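Asker: Shown below is the structure under consideration.
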Amino acid sequence: MSPSLNGYIKMEDCTFDTIHINDFGLDKKKRFANQRIIACQESLKYLTTPYEEMTCNVLVRKAYQAAGIDFGDLSASQYDRDYVGVLISEEQLKPGDLVFYEGIDGGNNHHVGLYLGKGYVIQATLDKGGEYPLGGVHITKLNFRSSPTRYRSPFLD
C-alpha cells in the first residue's frame, strides 16, 4: 500500500493481501481471532460509503455486531468506557481493536476507528476536500492526521 493525500490510502493502491484479509495476521488458535477477523471483514464491506450514511461509531457498531458483540448505539466517546473492553497500548494493538483520535474541536476520543493491522485503520471521517470530497469510510495509516490518543480492545484475550 502506498500512502496518498493526508494519510489516506487510495483504493487502487490497496492490496488486501497486504492487510491479510483472510486472517489479518492473527493466530487462529487465539480465543477471539475469529471474532476479530469477522469484525474487520465486515468493516471492509463499507469502504467508500459516504459519511452521511456511515459515521465512525456506526461503522464500529456494525463491525462488532457481525462478530456477535452488541454494545448498543454508542457515540465514539462512549466506546472509550470501561464496559467496552480494556485500555491497551499501541504495542498491544491487534486487528479489530479500537483506535481513538481527538475530535475536530480538540476534545479527546471523539473519533473512533477499527484497527486492521500493519499500521492501518478503517474509519469513517467527515474530512472533505482533496482526495475524498465527501468524506466517508476509508483505510488510513494509523497516524493519518494526528496520533491516536488511546486504544481499547473489546476482545479480552
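Residues in the C-alpha cells are numbered from 1 in each chain, the chains being A, B, ... in the order shown, and ligands are numbered from 1 in the order shown.
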In range 32-139 of chain A, what's strand (DSSP E or B) per DSSP? Answer as a list of chain:residue names?
Answerer: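 Strand (DSSP E or B) members of range 32-139 of chain A, listed: A:Val86, A:Leu87, A:Ile88, A:Leu98, A:Val99, A:Phe100, A:Tyr101, A:His111, A:Val112, A:Gly113, A:Leu114, A:Tyr115, A:Leu116, A:Gly117, A:Tyr120, A:Val121, A:Ile122, A:Gln123, A:Ala124, A:Thr125, A:Gly136, A:Val137, A:His138, A:Ile139.
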Asker: Just N, CA and C atoms for this one: save the residues we selected as a tab-separated table (two decimals), in the first residue's frame.
Answerer:
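Okay, selection.tsv is ready:
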chain	number	residue	atom	x	y	z
A	86	VAL	N	-10.88	-3.26	27.41
A	86	VAL	CA	-9.83	-2.73	28.27
A	86	VAL	C	-8.93	-1.79	27.48
A	87	LEU	N	-8.32	-0.85	28.20
A	87	LEU	CA	-7.32	0.01	27.58
A	87	LEU	C	-6.08	-0.81	27.26
A	88	ILE	N	-5.48	-0.55	26.11
A	88	ILE	CA	-4.25	-1.23	25.72
A	88	ILE	C	-3.27	-0.20	25.19
A	98	LEU	N	-10.02	-1.00	18.88
A	98	LEU	CA	-10.48	0.36	18.65
A	98	LEU	C	-9.32	1.36	18.77
A	99	VAL	N	-9.34	2.36	17.90
A	99	VAL	CA	-8.34	3.42	17.90
A	99	VAL	C	-9.10	4.74	18.03
A	100	PHE	N	-8.71	5.56	19.01
A	100	PHE	CA	-9.40	6.82	19.28
A	100	PHE	C	-8.52	8.01	18.92
A	101	TYR	N	-9.16	9.04	18.36
A	101	TYR	CA	-8.49	10.27	17.97
A	101	TYR	C	-9.20	11.45	18.61
A	111	HIS	N	-13.52	10.51	18.05
A	111	HIS	CA	-13.49	9.82	16.77
A	111	HIS	C	-12.90	8.44	17.01
A	112	VAL	N	-13.50	7.42	16.41
A	112	VAL	CA	-13.06	6.05	16.62
A	112	VAL	C	-12.91	5.34	15.28
A	113	GLY	N	-11.89	4.51	15.18
A	113	GLY	CA	-11.67	3.68	14.00
A	113	GLY	C	-11.38	2.26	14.44
A	114	LEU	N	-11.33	1.35	13.49
A	114	LEU	CA	-11.08	-0.06	13.75
A	114	LEU	C	-9.72	-0.42	13.16
A	115	TYR	N	-8.85	-0.93	14.01
A	115	TYR	CA	-7.51	-1.28	13.57
A	115	TYR	C	-7.55	-2.53	12.71
A	116	LEU	N	-6.89	-2.48	11.53
A	116	LEU	CA	-6.87	-3.61	10.60
A	116	LEU	C	-5.58	-4.42	10.68
A	117	GLY	N	-4.54	-3.81	11.23
A	117	GLY	CA	-3.25	-4.48	11.28
A	117	GLY	C	-2.22	-3.76	10.43
A	120	TYR	N	-2.62	0.05	9.78
A	120	TYR	CA	-3.76	0.59	9.04
A	120	TYR	C	-5.04	0.53	9.86
A	121	VAL	N	-5.89	1.54	9.63
A	121	VAL	CA	-7.16	1.70	10.34
A	121	VAL	C	-8.24	1.93	9.30
A	122	ILE	N	-9.41	1.36	9.53
A	122	ILE	CA	-10.57	1.72	8.71
A	122	ILE	C	-11.42	2.63	9.57
A	123	GLN	N	-11.86	3.73	8.97
A	123	GLN	CA	-12.64	4.70	9.74
A	123	GLN	C	-13.52	5.53	8.80
A	124	ALA	N	-14.55	6.08	9.37
A	124	ALA	CA	-15.44	6.98	8.64
A	124	ALA	C	-15.11	8.39	9.10
A	125	THR	N	-14.66	9.21	8.17
A	125	THR	CA	-14.28	10.57	8.53
A	125	THR	C	-15.17	11.58	7.84
A	136	GLY	N	-16.24	9.98	4.43
A	136	GLY	CA	-16.76	8.62	4.37
A	136	GLY	C	-15.79	7.59	4.89
A	137	VAL	N	-16.04	6.32	4.54
A	137	VAL	CA	-15.27	5.19	5.06
A	137	VAL	C	-14.06	4.94	4.17
A	138	HIS	N	-12.88	4.98	4.79
A	138	HIS	CA	-11.63	4.78	4.07
A	138	HIS	C	-10.61	4.10	4.96
A	139	ILE	N	-9.62	3.50	4.33
A	139	ILE	CA	-8.48	2.95	5.06
A	139	ILE	C	-7.43	4.05	5.15
Asker: Nearest residue to Ser89 in chain A out of A:Leu126, A:Thr149, A:Asn143, A:Lys29, using only C-alpha atoms?
Answerer: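 Result for the nearest residue to Ser89 in chain A: A:Thr149.
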Asker: Between CA of Pro50 in chain A and CA of Asn34 in chain A, what distance in Å does the model show, to one decimal?
Answerer: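 Between CA of Pro50 in chain A and CA of Asn34 in chain A the gap is 28.0 Å.
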Asker: Could you check which of A:Tyr64, A:Phe71, A:Tyr151, A:Tyr79 is closest to Glu42 in chain A, using only C-alpha atoms?
Answerer: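 Looking only at the distances to Glu42 in chain A, the closest residue turns out to be A:Tyr64.
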Asker: Let me make sure I understand: among A:Asp97, A:Asp70, A:Asp27, A:Glu90, which one has the smallest atom-to-atom distance to Arg152 in chain A if we use only C-alpha atoms?
Answerer: A:Asp97
Asker: May I ask for the distance between CA of Gln92 in chain A and CA of Asp80 in chain A, given in Å to one decimal place?
Answerer: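 Calculated distance between CA of Gln92 in chain A and CA of Asp80 in chain A is 16.4 Å.
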Asker: Hey, which of A:Ile38, A:Leu93, A:Glu53, A:Lys45 ends up closest to Ala66 in chain A? Count only C-alpha atoms.
Answerer: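 For Ala66 in chain A, the nearest of the candidates is A:Ile38.
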